[in-house]
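Encoded as structure tokens, the structure appears first; notes follow it.
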Amino acid sequence: MIDHAQMPDNPYLLLTPGPLSTSKGVKATMLRDWCTWDDDYNGIVRAIREKLTALATAAPGYTSVLMQGSGTFSVEAVIGTALPQDGKLLVMANGAYGNRIATIARYQRIPHTVMDLGETGRPDPAILRDTLDRSPEISHVAVVHCETTTGMLNPVEALGKVVKAAGRVYIVDAMSSFGGIPMDQAEVGADFLISSANKCIQGVPGFGFVVARRPALEACAGQARSLSLDLYEQWKVMEEKGGKWRFTSPTHVVRAFATALAELEAEGGVAARHARYATNQKRLVEGMAQLGFATLLPPEHQSPIITSFLSPAEPGYRFQDFYDALKAKGFVIYPGKVTARETFRIGNIGEVYPADIERLLDAIAGLRNS
């Protein structure tokens, strides 16, 4: 039995949208080796798939599949497998991760069009409806739920109603929101919902996953443009061989994720985790405002996952100096990602609690007063 108390603390808290700070329990789980052919290990994979599907929706007819690599690997697996040769993808993009979906389509030579909303615009269901009415060749629509470029939360349910009414396939990148923001995949209308182990479930990097409407996934047979990123074949092997992966799986990461799922349940599920994240983010914004920092986005568009702050217009300010000083005090934040404004980002997901936010604010106040 591993004594978690004997494990050293991390030298700093990761205030990022993932990889993020994990519990000692999650870290300790990785100290044991596992065989990919072992029935015990494959049983863990089966349980993970069942739990992920249940977290996504209670509606029947859904299934899940795990995919090696970062979350982008899973996004690419969906785009490259779900789109038939005669299909066309519409990407609603308001940040780097929406644009990355379009880049994937370009690399895979998939016909696509981008609804470019800028970095602070939000998708409008009415405009989407008009676009689909005028473009019958569009077969699939993709959007990012929480665009961590800015922290924007996109209206995926309202968009989903339009997509499904138009008879199109709906792909939602829920990378940094799944498990941390309550949603029902069936109500959202997503045929494919994509996330990663190292986000709101609070596991570590190494694999992503897709929860899919089973008929939509079954319709993908033979369509993949990649061997290793064939989502349908990966799912088929996991289904038929009781949790087996086609190629070597990240065993330590998978086992850690099982522990993270158990910790999510112990915390009170997605609703409780969302409440903690929302409390963290609310206090962060309030405290930063008191220190003179403004947010990039208005509150009504802001997710509880990560917040973009405008850089101070002070002579001599450099993000790298600010970053280094905070890291020395035990906090790692993110640089800005928007192109139009100078910003930096602070995430509050992972093993982060209100007391940690207070410590961060005290550290920033100290830097401002020094």
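Residues are referred to by chain and number: the chain letter is A, B, ... according to the order shown in the structure tokens, the number counts from 1 in that chain, and ligands are numbered separately from 1 in the order shown.
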
So that I can see what lies close to region 244-255 of chain A, please list as an NGL selection string the residues with an atom at most 7 Å from it, counting only C-alpha atoms and leaving out residues fewer than 3 positions away in the same chain. :A and (29-30 or 33-34 or 36 or 42 or 68 or 204 or 206 or 234 or 237-238 or 241 or 258-259)

Give me the region 2-79 of chain A side of the contact with region 142-159 of chain A, cut-off 10 Å, one line per residue showing its nearest atom pair and distance in Å at one decimal, counting only C-alpha atoms, sorted by chain and residue number, as a tab-separated table.
```
residue	atom	partner	partner_atom	distance
A:Thr16	CA	A:Thr148	CA	9.7
A:Pro17	CA	A:Thr148	CA	7.2
A:Ile79	CA	A:Ala142	CA	9.0
```

Write the residues of the selection above to a file with N, CA and C atoms, as a short mmCIF file (atom, residue, chain, number, x, y, z; two decimals), in the first residue's frame.
```cif
data_model
loop_
_atom_site.label_atom_id
_atom_site.label_comp_id
_atom_site.auth_asym_id
_atom_site.auth_seq_id
_atom_site.Cartn_x
_atom_site.Cartn_y
_atom_site.Cartn_z
N THR A 16 -3.23 26.16 -15.03
CA THR A 16 -3.30 26.03 -16.48
C THR A 16 -4.55 25.22 -16.84
N PRO A 17 -4.92 25.17 -18.13
CA PRO A 17 -6.07 24.36 -18.52
C PRO A 17 -5.72 22.89 -18.78
N ILE A 79 -12.17 13.77 -36.76
CA ILE A 79 -12.30 14.46 -38.05
C ILE A 79 -11.93 13.52 -39.19
#
```

Could you check the closest approach to Pro298 (chain A) for each of A:Phe192, A:Lys51, A:Thr120, A:Glu76 and tell me which residue wins, using only C-alpha atoms? A:Thr120

Which region 136-217 of chain A residues have any atom within 12 Å of an atom of region 344-362 of chain A, and for each, what is the nearest pair of atoms with distance in Å to one decimal, counting only C-alpha atoms, rows sorted by chain and number, as JSON lines?
```
{"residue": "A:Thr148", "atom": "CA", "partner": "A:Arg345", "partner_atom": "CA", "distance": 9.0}
{"residue": "A:Thr149", "atom": "CA", "partner": "A:Arg345", "partner_atom": "CA", "distance": 8.7}
{"residue": "A:Thr150", "atom": "CA", "partner": "A:Arg345", "partner_atom": "CA", "distance": 7.8}
{"residue": "A:Gly151", "atom": "CA", "partner": "A:Arg345", "partner_atom": "CA", "distance": 8.5}
{"residue": "A:Ser176", "atom": "CA", "partner": "A:Ile349", "partner_atom": "CA", "distance": 9.2}
{"residue": "A:Ser177", "atom": "CA", "partner": "A:Ile349", "partner_atom": "CA", "distance": 9.9}
{"residue": "A:Phe178", "atom": "CA", "partner": "A:Ile349", "partner_atom": "CA", "distance": 11.8}
{"residue": "A:Gly179", "atom": "CA", "partner": "A:Ile349", "partner_atom": "CA", "distance": 10.8}
{"residue": "A:Gly180", "atom": "CA", "partner": "A:Ile349", "partner_atom": "CA", "distance": 8.2}
{"residue": "A:Ile181", "atom": "CA", "partner": "A:Ile349", "partner_atom": "CA", "distance": 11.1}
{"residue": "A:Ala197", "atom": "CA", "partner": "A:Gly350", "partner_atom": "CA", "distance": 11.5}
{"residue": "A:Asn198", "atom": "CA", "partner": "A:Gly350", "partner_atom": "CA", "distance": 8.7}
{"residue": "A:Lys199", "atom": "CA", "partner": "A:Gly350", "partner_atom": "CA", "distance": 7.3}
{"residue": "A:Cys200", "atom": "CA", "partner": "A:Gly350", "partner_atom": "CA", "distance": 6.5}
{"residue": "A:Ile201", "atom": "CA", "partner": "A:Gly350", "partner_atom": "CA", "distance": 8.0}
{"residue": "A:Gln202", "atom": "CA", "partner": "A:Gly350", "partner_atom": "CA", "distance": 5.4}
{"residue": "A:Gly203", "atom": "CA", "partner": "A:Gly350", "partner_atom": "CA", "distance": 8.7}
{"residue": "A:Val204", "atom": "CA", "partner": "A:Gly350", "partner_atom": "CA", "distance": 10.3}
```

N, CA and C atoms of the current selection, written as an mmCIF file, in the first residue's frame:
```cif
data_model
loop_
_atom_site.group_PDB
_atom_site.id
_atom_site.type_symbol
_atom_site.label_atom_id
_atom_site.label_comp_id
_atom_site.auth_asym_id
_atom_site.auth_seq_id
_atom_site.Cartn_x
_atom_site.Cartn_y
_atom_site.Cartn_z
ATOM 1 N N THR A 148 -10.146 27.655 -24.880
ATOM 2 C CA THR A 148 -9.191 28.103 -23.868
ATOM 3 C C THR A 148 -8.221 29.170 -24.374
ATOM 4 N N THR A 149 -8.315 29.542 -25.639
ATOM 5 C CA THR A 149 -7.567 30.702 -26.126
ATOM 6 C C THR A 149 -7.917 31.928 -25.283
ATOM 7 N N THR A 150 -9.203 32.053 -24.971
ATOM 8 C CA THR A 150 -9.693 33.210 -24.210
ATOM 9 C C THR A 150 -10.378 32.818 -22.904
ATOM 10 N N GLY A 151 -10.916 31.599 -22.841
ATOM 11 C CA GLY A 151 -11.781 31.201 -21.737
ATOM 12 C C GLY A 151 -13.246 31.258 -22.123
ATOM 13 N N SER A 176 -11.621 20.905 -22.580
ATOM 14 C CA SER A 176 -11.371 21.472 -21.260
ATOM 15 C C SER A 176 -12.642 21.693 -20.448
ATOM 16 N N SER A 177 -13.748 21.101 -20.872
ATOM 17 C CA SER A 177 -15.012 21.281 -20.140
ATOM 18 C C SER A 177 -15.620 19.978 -19.637
ATOM 19 N N PHE A 178 -15.374 18.869 -20.330
ATOM 20 C CA PHE A 178 -16.017 17.604 -19.952
ATOM 21 C C PHE A 178 -15.588 17.203 -18.540
ATOM 22 N N GLY A 179 -16.557 16.933 -17.708
ATOM 23 C CA GLY A 179 -16.284 16.549 -16.325
ATOM 24 C C GLY A 179 -16.220 17.720 -15.369
ATOM 25 N N GLY A 180 -16.178 18.947 -15.913
ATOM 26 C CA GLY A 180 -16.097 20.123 -15.064
ATOM 27 C C GLY A 180 -17.254 21.082 -15.241
ATOM 28 N N ILE A 181 -18.020 20.898 -16.312
ATOM 29 C CA ILE A 181 -19.205 21.713 -16.574
ATOM 30 C C ILE A 181 -20.359 20.759 -16.866
ATOM 31 N N ALA A 197 -7.655 13.041 -20.931
ATOM 32 C CA ALA A 197 -7.468 12.549 -19.566
ATOM 33 C C ALA A 197 -7.001 13.623 -18.607
ATOM 34 N N ASN A 198 -6.298 14.629 -19.095
ATOM 35 C CA ASN A 198 -5.609 15.578 -18.226
ATOM 36 C C ASN A 198 -6.319 16.917 -18.093
ATOM 37 N N LYS A 199 -7.642 16.880 -18.173
ATOM 38 C CA LYS A 199 -8.413 18.115 -18.023
ATOM 39 C C LYS A 199 -9.269 18.018 -16.754
ATOM 40 N N CYS A 200 -10.584 18.191 -16.880
ATOM 41 C CA CYS A 200 -11.431 18.297 -15.688
ATOM 42 C C CYS A 200 -11.601 16.992 -14.907
ATOM 43 N N ILE A 201 -11.313 15.845 -15.523
ATOM 44 C CA ILE A 201 -11.330 14.594 -14.756
ATOM 45 C C ILE A 201 -10.127 14.560 -13.821
ATOM 46 N N GLN A 202 -9.099 15.360 -14.117
ATOM 47 C CA GLN A 202 -7.917 15.544 -13.275
ATOM 48 C C GLN A 202 -6.993 14.331 -13.268
ATOM 49 N N GLY A 203 -6.852 13.719 -14.477
ATOM 50 C CA GLY A 203 -5.841 12.701 -14.672
ATOM 51 C C GLY A 203 -4.579 13.342 -15.231
ATOM 52 N N VAL A 204 -3.726 12.512 -15.827
ATOM 53 C CA VAL A 204 -2.459 13.003 -16.383
ATOM 54 C C VAL A 204 -2.450 12.804 -17.898
#
```

For Lys161 (chain A), which residue among A:Arg109, A:Arg122, A:His140, A:Arg129 is the nearest when counting only C-alpha atoms?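 For Lys161 (chain A), the nearest of the given residues is A:Arg129.
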
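Residue nearest Pro60 (chain A) within the list A:Leu31, A:Leu229, A:Val270, A:Ala212: A:Ala212 [criterion: smallest interatomic distance, only C-alpha atoms].
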
Could you give me, as number ranges by chain, each residue of region 112-358 of chain A that DSSP assigns to helix (DSSP H, G or I) when run on this structure's backbone? A: 125-134, 156-165, 185-188, 214-218, 231-240, 251-267, 269-290, 299-301, 319-328, 354-358

If you run DSSP on this backbone, which residues of region 80-202 of chain A come out as strand (DSSP E or B), and could you give them as a PDB file with N, CA and C atoms, in the first residue's frame?
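File written: states.pdb
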```pdb
ATOM      1  N   LEU A  89     -16.950  19.706 -44.009  1.00  0.00           N
ATOM      2  CA  LEU A  89     -16.967  20.128 -42.611  1.00  0.00           C
ATOM      3  C   LEU A  89     -17.111  21.643 -42.506  1.00  0.00           C
ATOM      4  N   LEU A  90     -17.991  22.077 -41.619  1.00  0.00           N
ATOM      5  CA  LEU A  90     -18.066  23.481 -41.224  1.00  0.00           C
ATOM      6  C   LEU A  90     -17.484  23.604 -39.826  1.00  0.00           C
ATOM      7  N   VAL A  91     -16.491  24.463 -39.675  1.00  0.00           N
ATOM      8  CA  VAL A  91     -15.877  24.708 -38.367  1.00  0.00           C
ATOM      9  C   VAL A  91     -16.260  26.107 -37.904  1.00  0.00           C
ATOM     10  N   MET A  92     -16.890  26.186 -36.737  1.00  0.00           N
ATOM     11  CA  MET A  92     -17.154  27.486 -36.117  1.00  0.00           C
ATOM     12  C   MET A  92     -15.981  27.779 -35.193  1.00  0.00           C
ATOM     13  N   ALA A  93     -15.182  28.774 -35.550  1.00  0.00           N
ATOM     14  CA  ALA A  93     -13.918  29.003 -34.857  1.00  0.00           C
ATOM     15  C   ALA A  93     -13.868  30.386 -34.219  1.00  0.00           C
ATOM     16  N   HIS A 112     -13.685  21.710 -46.425  1.00  0.00           N
ATOM     17  CA  HIS A 112     -14.166  22.365 -45.213  1.00  0.00           C
ATOM     18  C   HIS A 112     -14.297  23.865 -45.439  1.00  0.00           C
ATOM     19  N   THR A 113     -15.059  24.478 -44.563  1.00  0.00           N
ATOM     20  CA  THR A 113     -15.182  25.924 -44.551  1.00  0.00           C
ATOM     21  C   THR A 113     -15.151  26.372 -43.094  1.00  0.00           C
ATOM     22  N   VAL A 114     -14.669  27.578 -42.864  1.00  0.00           N
ATOM     23  CA  VAL A 114     -14.518  28.097 -41.507  1.00  0.00           C
ATOM     24  C   VAL A 114     -15.418  29.312 -41.313  1.00  0.00           C
ATOM     25  N   MET A 115     -16.239  29.262 -40.282  1.00  0.00           N
ATOM     26  CA  MET A 115     -16.991  30.435 -39.863  1.00  0.00           C
ATOM     27  C   MET A 115     -16.123  31.140 -38.823  1.00  0.00           C
ATOM     28  N   ASP A 116     -15.352  32.130 -39.272  1.00  0.00           N
ATOM     29  CA  ASP A 116     -14.383  32.805 -38.418  1.00  0.00           C
ATOM     30  C   ASP A 116     -15.074  33.913 -37.639  1.00  0.00           C
ATOM     31  N   HIS A 140     -21.066  17.919 -41.823  1.00  0.00           N
ATOM     32  CA  HIS A 140     -20.635  17.869 -40.428  1.00  0.00           C
ATOM     33  C   HIS A 140     -20.336  19.285 -39.934  1.00  0.00           C
ATOM     34  N   VAL A 141     -20.622  19.528 -38.665  1.00  0.00           N
ATOM     35  CA  VAL A 141     -20.353  20.821 -38.038  1.00  0.00           C
ATOM     36  C   VAL A 141     -19.544  20.577 -36.772  1.00  0.00           C
ATOM     37  N   ALA A 142     -18.489  21.374 -36.574  1.00  0.00           N
ATOM     38  CA  ALA A 142     -17.632  21.218 -35.395  1.00  0.00           C
ATOM     39  C   ALA A 142     -17.467  22.543 -34.678  1.00  0.00           C
ATOM     40  N   VAL A 143     -17.414  22.473 -33.345  1.00  0.00           N
ATOM     41  CA  VAL A 143     -17.198  23.655 -32.524  1.00  0.00           C
ATOM     42  C   VAL A 143     -16.492  23.235 -31.239  1.00  0.00           C
ATOM     43  N   VAL A 144     -15.753  24.167 -30.658  1.00  0.00           N
ATOM     44  CA  VAL A 144     -15.111  23.956 -29.364  1.00  0.00           C
ATOM     45  C   VAL A 144     -16.042  24.473 -28.276  1.00  0.00           C
ATOM     46  N   CYS A 146     -15.391  24.926 -24.719  1.00  0.00           N
ATOM     47  CA  CYS A 146     -14.662  25.940 -23.960  1.00  0.00           C
ATOM     48  C   CYS A 146     -13.381  26.261 -24.717  1.00  0.00           C
ATOM     49  N   GLU A 147     -13.362  27.417 -25.350  1.00  0.00           N
ATOM     50  CA  GLU A 147     -12.202  27.822 -26.155  1.00  0.00           C
ATOM     51  C   GLU A 147     -11.161  28.448 -25.226  1.00  0.00           C
ATOM     52  N   MET A 152     -13.527  31.496 -23.410  1.00  0.00           N
ATOM     53  CA  MET A 152     -14.886  31.612 -23.919  1.00  0.00           C
ATOM     54  C   MET A 152     -15.652  30.298 -23.805  1.00  0.00           C
ATOM     55  N   LEU A 153     -16.910  30.396 -23.335  1.00  0.00           N
ATOM     56  CA  LEU A 153     -17.802  29.239 -23.303  1.00  0.00           C
ATOM     57  C   LEU A 153     -18.817  29.403 -24.423  1.00  0.00           C
ATOM     58  N   VAL A 169     -24.254  16.070 -38.929  1.00  0.00           N
ATOM     59  CA  VAL A 169     -23.520  15.431 -37.837  1.00  0.00           C
ATOM     60  C   VAL A 169     -22.814  16.515 -37.033  1.00  0.00           C
ATOM     61  N   TYR A 170     -22.896  16.400 -35.701  1.00  0.00           N
ATOM     62  CA  TYR A 170     -22.397  17.445 -34.803  1.00  0.00           C
ATOM     63  C   TYR A 170     -21.212  16.936 -33.991  1.00  0.00           C
ATOM     64  N   ILE A 171     -20.083  17.654 -34.086  1.00  0.00           N
ATOM     65  CA  ILE A 171     -18.852  17.295 -33.383  1.00  0.00           C
ATOM     66  C   ILE A 171     -18.533  18.398 -32.385  1.00  0.00           C
ATOM     67  N   VAL A 172     -18.404  18.040 -31.112  1.00  0.00           N
ATOM     68  CA  VAL A 172     -18.105  19.020 -30.069  1.00  0.00           C
ATOM     69  C   VAL A 172     -16.783  18.673 -29.405  1.00  0.00           C
ATOM     70  N   ASP A 173     -15.842  19.602 -29.499  1.00  0.00           N
ATOM     71  CA  ASP A 173     -14.581  19.498 -28.778  1.00  0.00           C
ATOM     72  C   ASP A 173     -14.832  20.024 -27.364  1.00  0.00           C
ATOM     73  N   PHE A 192     -20.466  13.301 -31.628  1.00  0.00           N
ATOM     74  CA  PHE A 192     -19.125  12.991 -31.132  1.00  0.00           C
ATOM     75  C   PHE A 192     -18.728  14.072 -30.130  1.00  0.00           C
ATOM     76  N   LEU A 193     -18.353  13.646 -28.929  1.00  0.00           N
ATOM     77  CA  LEU A 193     -17.915  14.545 -27.870  1.00  0.00           C
ATOM     78  C   LEU A 193     -16.490  14.137 -27.494  1.00  0.00           C
ATOM     79  N   ILE A 194     -15.558  15.085 -27.551  1.00  0.00           N
ATOM     80  CA  ILE A 194     -14.129  14.764 -27.431  1.00  0.00           C
ATOM     81  C   ILE A 194     -13.528  15.433 -26.205  1.00  0.00           C
ATOM     82  N   SER A 195     -12.716  14.680 -25.449  1.00  0.00           N
ATOM     83  CA  SER A 195     -12.003  15.280 -24.320  1.00  0.00           C
ATOM     84  C   SER A 195     -10.710  14.523 -24.085  1.00  0.00           C
ATOM     85  N   SER A 196     -10.058  14.831 -22.965  1.00  0.00           N
ATOM     86  CA  SER A 196      -8.731  14.298 -22.694  1.00  0.00           C
ATOM     87  C   SER A 196      -8.585  13.949 -21.220  1.00  0.00           C
TER      88      SER A 196
END
```

Among the residues A:Ser228, A:Ala28, A:Ala363, A:Ala190, the one that comes closest to Arg214 (chain A) [using only C-alpha atoms]: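 Among the listed residues, the smallest separation from Arg214 (chain A) belongs to A:Ala190.
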
Return the single residue from A:Gly69, A:Leu326, A:Phe257, A:Gly242 that is closest to Trp37 (chain A), with distances computed using only C-alpha atoms. A:Gly242

Compile the contact shell of Ala328 (chain A) as a list of chain:residue names: residues with an atom at most 12 Å away, counting only C-alpha atoms, same-chain residues fewer than 3 positions apart removed. A:Pro11, A:Tyr12, A:Leu13, A:Asp321, A:Phe322, A:Tyr323, A:Asp324, A:Ala325, A:Phe331, A:Val332, A:Ile333, A:Leu360, A:Ala363, A:Ile364, A:Leu367

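Taking only C-alpha atoms, the non-local environment of Val65 (chain A) within 7 Å (same-chain residues fewer than 3 positions away omitted) comprises Arg49, Phe209, Val210, Val211 and Trp235 of chain A.
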
Could you take the residues named above and write them with all heavy atoms, as a short mmCIF file (atom, residue, chain, number, x, y, z; two decimals), in the first residue's frame?
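As written to disk, result_5.cif reads:
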```
data_model
loop_
_atom_site.label_atom_id
_atom_site.label_comp_id
_atom_site.auth_asym_id
_atom_site.auth_seq_id
_atom_site.Cartn_x
_atom_site.Cartn_y
_atom_site.Cartn_z
N ARG A 49 -14.56 3.14 -19.76
CA ARG A 49 -15.45 3.44 -20.89
C ARG A 49 -16.90 3.55 -20.43
O ARG A 49 -17.63 4.45 -20.88
CB ARG A 49 -15.31 2.35 -21.96
CG ARG A 49 -13.95 2.35 -22.65
CD ARG A 49 -13.90 1.26 -23.74
NE ARG A 49 -14.92 1.51 -24.74
CZ ARG A 49 -15.61 0.55 -25.35
NH1 ARG A 49 -15.39 -0.73 -25.07
NH2 ARG A 49 -16.51 0.86 -26.27
N PHE A 209 -10.25 10.78 -25.28
CA PHE A 209 -11.40 9.87 -25.43
C PHE A 209 -12.52 10.55 -26.19
O PHE A 209 -12.59 11.78 -26.25
CB PHE A 209 -11.89 9.35 -24.07
CG PHE A 209 -12.21 10.43 -23.07
CD1 PHE A 209 -13.46 11.01 -23.02
CD2 PHE A 209 -11.25 10.84 -22.14
CE1 PHE A 209 -13.76 11.99 -22.08
CE2 PHE A 209 -11.53 11.82 -21.21
CZ PHE A 209 -12.79 12.40 -21.18
N VAL A 210 -13.36 9.72 -26.77
CA VAL A 210 -14.50 10.20 -27.55
C VAL A 210 -15.73 9.45 -27.07
O VAL A 210 -15.73 8.21 -26.99
CB VAL A 210 -14.30 9.94 -29.05
CG1 VAL A 210 -15.50 10.44 -29.85
CG2 VAL A 210 -13.00 10.58 -29.53
N VAL A 211 -16.76 10.19 -26.71
CA VAL A 211 -18.07 9.59 -26.44
C VAL A 211 -18.92 9.86 -27.67
O VAL A 211 -19.05 11.01 -28.11
CB VAL A 211 -18.73 10.18 -25.19
CG1 VAL A 211 -20.05 9.46 -24.90
CG2 VAL A 211 -17.80 10.08 -23.98
N TRP A 235 -12.40 1.55 -31.61
CA TRP A 235 -13.61 1.21 -30.86
C TRP A 235 -13.99 -0.25 -31.06
O TRP A 235 -14.34 -0.95 -30.09
CB TRP A 235 -14.76 2.12 -31.31
CG TRP A 235 -16.10 1.73 -30.79
CD1 TRP A 235 -16.58 1.91 -29.52
CD2 TRP A 235 -17.15 1.08 -31.52
NE1 TRP A 235 -17.85 1.41 -29.41
CE2 TRP A 235 -18.23 0.89 -30.63
CE3 TRP A 235 -17.28 0.64 -32.83
CZ2 TRP A 235 -19.43 0.29 -31.02
CZ3 TRP A 235 -18.47 0.05 -33.22
CH2 TRP A 235 -19.52 -0.12 -32.33
#
```

Would you list the contacts of Glu50 (chain A) as a list in words, taking every protein, DNA or RNA residue within 10 Å and counting only C-alpha atoms, but skipping same-chain residues closer than 3 positions in sequence?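 Contacts, with the query itself left out: Ile44, Val45, Arg46, Ala47, Thr53, Ala54, Leu55, Tyr62, Thr63, Ser64 and Val65 of chain A.
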